[in-house]
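Raw model_27.txt, compact mmCIF, N, CA and C atoms:
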```txt
# COMPACT_ATOMS: atom_id res chain seq x y z
N MET A 1 177.87 139.68 -25.97
CA MET A 1 177.86 140.72 -24.95
C MET A 1 176.65 140.57 -24.04
N ARG A 2 175.47 140.41 -24.64
CA ARG A 2 174.24 140.28 -23.87
C ARG A 2 174.29 139.06 -22.96
N LYS A 3 174.85 137.97 -23.48
CA LYS A 3 174.93 136.74 -22.69
C LYS A 3 175.81 136.93 -21.46
N SER A 4 176.93 137.66 -21.60
CA SER A 4 177.80 137.88 -20.45
C SER A 4 177.14 138.78 -19.41
N VAL A 5 176.34 139.75 -19.85
CA VAL A 5 175.63 140.62 -18.90
C VAL A 5 174.63 139.79 -18.11
N TYR A 6 173.91 138.92 -18.79
CA TYR A 6 172.95 138.06 -18.09
C TYR A 6 173.67 137.10 -17.14
N SER A 7 174.83 136.62 -17.51
CA SER A 7 175.61 135.74 -16.63
C SER A 7 176.03 136.48 -15.37
N ILE A 8 176.46 137.72 -15.54
CA ILE A 8 176.87 138.53 -14.39
C ILE A 8 175.67 138.79 -13.48
N LEU A 9 174.54 139.16 -14.06
CA LEU A 9 173.34 139.41 -13.25
C LEU A 9 172.90 138.16 -12.51
N LEU A 10 172.94 137.01 -13.18
CA LEU A 10 172.56 135.76 -12.53
C LEU A 10 173.49 135.46 -11.36
N ALA A 11 174.78 135.62 -11.58
CA ALA A 11 175.74 135.37 -10.51
C ALA A 11 175.51 136.32 -9.33
N PHE A 12 175.20 137.58 -9.62
CA PHE A 12 174.96 138.56 -8.58
C PHE A 12 173.71 138.24 -7.77
N VAL A 13 172.63 137.85 -8.47
CA VAL A 13 171.39 137.49 -7.78
C VAL A 13 171.62 136.28 -6.89
N LEU A 14 172.33 135.29 -7.38
CA LEU A 14 172.62 134.11 -6.56
C LEU A 14 173.44 134.49 -5.34
N LEU A 15 174.38 135.39 -5.53
CA LEU A 15 175.19 135.84 -4.41
C LEU A 15 174.35 136.57 -3.37
N ILE A 16 173.42 137.39 -3.83
CA ILE A 16 172.53 138.09 -2.91
C ILE A 16 171.69 137.10 -2.11
N LEU A 17 171.16 136.10 -2.78
CA LEU A 17 170.34 135.10 -2.10
C LEU A 17 171.13 134.39 -1.01
N VAL A 18 172.37 134.04 -1.32
CA VAL A 18 173.21 133.36 -0.34
C VAL A 18 173.59 134.30 0.79
N SER A 19 173.93 135.54 0.45
CA SER A 19 174.40 136.47 1.48
C SER A 19 173.28 137.04 2.34
N SER A 20 172.04 136.95 1.89
CA SER A 20 170.96 137.55 2.67
C SER A 20 170.71 136.80 3.97
N ALA A 21 171.15 135.56 4.04
CA ALA A 21 170.97 134.79 5.27
C ALA A 21 171.86 135.31 6.38
N GLY A 22 173.01 135.83 6.05
CA GLY A 22 173.91 136.38 7.07
C GLY A 22 175.06 137.10 6.40
N THR A 23 174.95 138.37 6.28
CA THR A 23 175.95 139.15 5.56
C THR A 23 176.94 139.78 6.52
N THR A 24 178.16 140.02 6.03
CA THR A 24 179.17 140.68 6.85
C THR A 24 179.16 142.18 6.62
N ALA A 25 178.35 142.64 5.70
CA ALA A 25 178.27 144.08 5.45
C ALA A 25 177.61 144.76 6.63
N GLU A 26 178.01 146.00 6.85
CA GLU A 26 177.37 146.76 7.92
C GLU A 26 175.94 147.09 7.52
N ALA A 27 175.01 146.79 8.41
CA ALA A 27 173.60 147.06 8.12
C ALA A 27 173.15 148.27 8.91
N LYS A 28 172.14 148.93 8.40
CA LYS A 28 171.57 150.08 9.09
C LYS A 28 170.79 149.60 10.30
N GLU A 29 170.60 150.49 11.27
CA GLU A 29 169.80 150.17 12.45
C GLU A 29 168.38 149.83 12.03
N LYS A 30 167.85 148.75 12.61
CA LYS A 30 166.50 148.32 12.26
C LYS A 30 165.70 148.07 13.53
N PRO A 31 164.46 148.46 13.53
CA PRO A 31 163.62 148.17 14.70
C PRO A 31 163.48 146.66 14.88
N SER A 32 163.43 146.21 16.13
CA SER A 32 163.35 144.78 16.41
C SER A 32 161.98 144.20 16.11
N SER A 33 160.98 145.04 15.85
CA SER A 33 159.63 144.55 15.60
C SER A 33 159.41 144.12 14.15
N LEU A 34 160.41 144.25 13.28
CA LEU A 34 160.24 143.89 11.87
C LEU A 34 160.18 142.37 11.70
N ALA A 35 159.41 141.93 10.71
CA ALA A 35 159.33 140.52 10.39
C ALA A 35 160.66 140.06 9.81
N ASN A 36 160.92 138.75 9.86
CA ASN A 36 162.19 138.21 9.37
C ASN A 36 162.47 138.57 7.92
N GLY A 37 161.45 138.47 7.04
CA GLY A 37 161.64 138.81 5.63
C GLY A 37 162.05 140.24 5.45
N GLU A 38 161.44 141.12 6.22
CA GLU A 38 161.76 142.54 6.12
C GLU A 38 163.17 142.81 6.66
N LYS A 39 163.53 142.16 7.76
CA LYS A 39 164.87 142.34 8.31
C LYS A 39 165.92 141.88 7.32
N SER A 40 165.70 140.71 6.72
CA SER A 40 166.66 140.19 5.74
C SER A 40 166.81 141.13 4.56
N CYS A 41 165.70 141.69 4.13
CA CYS A 41 165.72 142.62 3.01
C CYS A 41 166.52 143.87 3.36
N LEU A 42 166.23 144.46 4.49
CA LEU A 42 166.90 145.71 4.87
C LEU A 42 168.39 145.51 5.13
N HIS A 43 168.79 144.29 5.48
CA HIS A 43 170.21 144.00 5.68
C HIS A 43 170.99 144.12 4.37
N LEU A 44 170.30 144.04 3.24
CA LEU A 44 170.98 144.13 1.95
C LEU A 44 171.38 145.57 1.60
N ASN A 45 170.78 146.56 2.27
CA ASN A 45 171.12 147.96 2.00
C ASN A 45 172.61 148.19 2.20
N ASP A 46 173.22 148.89 1.24
CA ASP A 46 174.63 149.26 1.30
C ASP A 46 175.58 148.07 1.26
N LEU A 47 175.10 146.91 0.85
CA LEU A 47 175.95 145.73 0.72
C LEU A 47 176.93 145.94 -0.42
N THR A 48 178.19 145.68 -0.19
CA THR A 48 179.18 145.71 -1.26
C THR A 48 179.73 144.31 -1.44
N ILE A 49 179.96 143.95 -2.68
CA ILE A 49 180.42 142.62 -3.01
C ILE A 49 181.74 142.75 -3.76
N SER A 50 182.75 142.08 -3.27
CA SER A 50 184.07 142.18 -3.89
C SER A 50 184.08 141.46 -5.24
N LYS A 51 184.99 141.85 -6.08
CA LYS A 51 185.08 141.22 -7.40
C LYS A 51 185.39 139.74 -7.30
N SER A 52 186.14 139.33 -6.29
CA SER A 52 186.48 137.91 -6.14
C SER A 52 185.27 137.07 -5.73
N SER A 53 184.27 137.69 -5.12
CA SER A 53 183.07 136.96 -4.71
C SER A 53 182.11 136.71 -5.86
N ILE A 54 182.20 137.49 -6.92
CA ILE A 54 181.28 137.35 -8.04
C ILE A 54 181.67 136.20 -8.94
N GLY A 55 182.95 136.00 -9.15
CA GLY A 55 183.39 134.88 -9.98
C GLY A 55 183.43 135.19 -11.46
N LEU A 56 183.01 136.37 -11.86
CA LEU A 56 183.10 136.81 -13.24
C LEU A 56 183.89 138.11 -13.28
N ARG A 57 184.36 138.51 -14.43
CA ARG A 57 185.21 139.69 -14.54
C ARG A 57 184.42 140.97 -14.31
N THR A 58 184.54 141.52 -13.14
CA THR A 58 183.94 142.80 -12.78
C THR A 58 184.90 143.49 -11.81
N SER A 59 184.53 144.69 -11.41
CA SER A 59 185.28 145.38 -10.35
C SER A 59 184.50 145.33 -9.04
N GLY A 60 183.52 144.45 -8.97
CA GLY A 60 182.69 144.33 -7.78
C GLY A 60 181.29 144.83 -8.05
N ALA A 61 180.49 144.87 -7.02
CA ALA A 61 179.10 145.31 -7.15
C ALA A 61 178.65 145.89 -5.83
N SER A 62 177.54 146.61 -5.89
CA SER A 62 176.99 147.18 -4.66
C SER A 62 175.47 147.27 -4.76
N VAL A 63 174.82 147.12 -3.62
CA VAL A 63 173.38 147.31 -3.53
C VAL A 63 173.16 148.76 -3.15
N THR A 64 172.39 149.47 -3.95
CA THR A 64 172.14 150.88 -3.67
C THR A 64 170.85 151.09 -2.89
N ASP A 65 169.92 150.14 -2.99
CA ASP A 65 168.64 150.26 -2.29
C ASP A 65 167.99 148.90 -2.17
N ALA A 66 167.46 148.60 -1.01
CA ALA A 66 166.69 147.38 -0.78
C ALA A 66 165.47 147.76 0.04
N VAL A 67 164.29 147.54 -0.53
CA VAL A 67 163.03 147.95 0.10
C VAL A 67 162.10 146.75 0.18
N PHE A 68 161.53 146.53 1.35
CA PHE A 68 160.57 145.44 1.53
C PHE A 68 159.20 145.94 1.06
N VAL A 69 158.55 145.17 0.19
CA VAL A 69 157.26 145.55 -0.37
C VAL A 69 156.24 144.48 -0.02
N ALA A 70 155.12 144.89 0.54
CA ALA A 70 153.99 143.98 0.80
C ALA A 70 152.84 144.45 -0.07
N ASP A 71 152.54 143.65 -1.08
CA ASP A 71 151.55 144.02 -2.08
C ASP A 71 150.49 142.92 -2.15
N GLU A 72 149.22 143.29 -2.10
CA GLU A 72 148.15 142.29 -2.16
C GLU A 72 148.21 141.48 -3.44
N LYS A 73 148.50 142.12 -4.54
CA LYS A 73 148.52 141.45 -5.85
C LYS A 73 149.75 140.57 -6.02
N ASN A 74 150.92 141.06 -5.63
CA ASN A 74 152.18 140.36 -5.88
C ASN A 74 152.78 139.70 -4.65
N GLY A 75 152.19 139.86 -3.49
CA GLY A 75 152.73 139.28 -2.27
C GLY A 75 153.88 140.10 -1.71
N GLU A 76 154.64 139.51 -0.81
CA GLU A 76 155.76 140.18 -0.18
C GLU A 76 157.04 139.87 -0.94
N PHE A 77 157.85 140.91 -1.14
CA PHE A 77 159.14 140.72 -1.80
C PHE A 77 160.09 141.83 -1.41
N CYS A 78 161.35 141.58 -1.68
CA CYS A 78 162.40 142.57 -1.43
C CYS A 78 162.83 143.12 -2.79
N GLN A 79 162.60 144.40 -2.99
CA GLN A 79 163.00 145.06 -4.23
C GLN A 79 164.43 145.56 -4.05
N VAL A 80 165.36 144.93 -4.78
CA VAL A 80 166.77 145.23 -4.65
C VAL A 80 167.26 145.95 -5.90
N LYS A 81 167.90 147.10 -5.70
CA LYS A 81 168.50 147.84 -6.81
C LYS A 81 169.99 147.97 -6.52
N GLY A 82 170.77 147.94 -7.58
CA GLY A 82 172.20 148.05 -7.38
C GLY A 82 172.95 148.27 -8.67
N ALA A 83 174.26 148.13 -8.56
CA ALA A 83 175.13 148.36 -9.71
C ALA A 83 176.27 147.36 -9.69
N ILE A 84 176.54 146.83 -10.87
CA ILE A 84 177.71 145.98 -11.07
C ILE A 84 178.75 146.87 -11.74
N HIS A 85 179.93 146.90 -11.16
CA HIS A 85 180.98 147.79 -11.64
C HIS A 85 181.86 147.04 -12.64
N PRO A 86 181.91 147.50 -13.89
CA PRO A 86 182.69 146.81 -14.91
C PRO A 86 184.20 146.94 -14.68
N VAL A 87 184.95 146.08 -15.36
CA VAL A 87 186.41 146.11 -15.24
C VAL A 87 186.96 147.41 -15.82
N ASP A 88 186.40 147.84 -16.93
CA ASP A 88 186.84 149.07 -17.59
C ASP A 88 186.33 150.27 -16.80
N PRO A 89 187.22 151.06 -16.19
CA PRO A 89 186.76 152.19 -15.36
C PRO A 89 186.04 153.28 -16.15
N SER A 90 186.21 153.31 -17.47
CA SER A 90 185.51 154.33 -18.26
C SER A 90 184.11 153.87 -18.67
N ALA A 91 183.80 152.60 -18.47
CA ALA A 91 182.47 152.08 -18.83
C ALA A 91 181.48 152.39 -17.72
N PRO A 92 180.22 152.59 -18.06
CA PRO A 92 179.21 152.88 -17.03
C PRO A 92 178.88 151.63 -16.22
N ASP A 93 178.42 151.82 -15.00
CA ASP A 93 177.96 150.70 -14.18
C ASP A 93 176.77 150.02 -14.84
N ILE A 94 176.62 148.75 -14.57
CA ILE A 94 175.47 148.00 -15.04
C ILE A 94 174.42 148.07 -13.93
N GLN A 95 173.38 148.85 -14.16
CA GLN A 95 172.32 149.02 -13.16
C GLN A 95 171.37 147.82 -13.23
N PHE A 96 170.89 147.38 -12.07
CA PHE A 96 169.95 146.27 -12.06
C PHE A 96 168.89 146.47 -11.00
N GLN A 97 167.80 145.76 -11.16
CA GLN A 97 166.76 145.65 -10.14
C GLN A 97 166.26 144.22 -10.17
N VAL A 98 166.11 143.64 -9.01
CA VAL A 98 165.58 142.29 -8.90
C VAL A 98 164.61 142.26 -7.71
N ASN A 99 163.50 141.57 -7.87
CA ASN A 99 162.52 141.42 -6.80
C ASN A 99 162.65 140.01 -6.24
N LEU A 100 163.08 139.90 -4.99
CA LEU A 100 163.30 138.61 -4.34
C LEU A 100 162.09 138.28 -3.47
N PRO A 101 161.37 137.19 -3.77
CA PRO A 101 160.21 136.85 -2.94
C PRO A 101 160.63 136.51 -1.52
N SER A 102 159.78 136.85 -0.55
CA SER A 102 160.15 136.58 0.85
C SER A 102 159.96 135.12 1.21
N GLU A 103 159.22 134.38 0.42
CA GLU A 103 159.04 132.95 0.68
C GLU A 103 159.44 132.15 -0.50
```
Take the structure from the file and write it as structure tokens.
Amino acid sequence: MRKSVYSILLAFVLLILVSSAGTTAEAKEKPSSLANGEKSCLHLNDLTISKSSIGLRTSGASVTDAVFVADEKNGEFCQVKGAIHPVDPSAPDIQFQVNLPSE
């Protein structure tokens, strides 16, 4: 069970990395003065991923929050939170958080 959860999370993170370059999801309005890393991060907000895009048995996934963080100690990164929706509708969503470095 644990191995399949990690496989799903890995697949989802890889999908986010690929989709952050140019997503078809509707993005919120963003000021044009934002740096590229911050713009890419904010584009992940409200991203929904279909079950066919994940490649593993799920009902899809969604990003619930994506925040750009600039930290002296840890550098710049995009803190992404979301949920993977299981096939069983009575099962709870698999909540996740991943920090994607901007470089």
Quick one: residues within 5 Å of region 37-52 of chain A, only N, CA and C atoms, excluding same-chain residues fewer than 2 positions away - as a list in words?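 So, after excluding close chain neighbours, the residues are Ala35, Ile54, Gly55, Thr58, Ser59, Gly60, Ala61, Ser62, Val63 and Ala66 of chain A.
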Work out how far apart CA of His85 (chain A) and CA of Pro101 (chain A) are and give it in Å to one decimal.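 Between CA of His85 (chain A) and CA of Pro101 (chain A) the gap is 25.0 Å.
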Could you please determine the separation between CA of Gln95 (chain A) and atom C of Lys81 (chain A) in Å, to one decimal place?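 That distance, rounded to one decimal, is 7.1 Å.
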Å distance separating atom C of Asn36 (chain A) from CA of Asn99 (chain A), one decimal place: 15.0 Å
List the spatial neighbours of Leu100 (chain A) as JSON, numbers by chain - criterion: any atom at most 5 Å away, only N, CA and C atoms, same-chain residues fewer than 2 positions off excluded. {"A": [77, 78, 79, 98, 102]}
Please extract the residues of region 23-90 of chain A with a backbone DSSP assignment of alpha helix (DSSP H) and present them as a list in words.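 Here is the list: Asn36, Gly37, Glu38, Lys39, Ser40, Cys41, Leu42, Lys51, Ser52, Ser53 and Ile54 of chain A.
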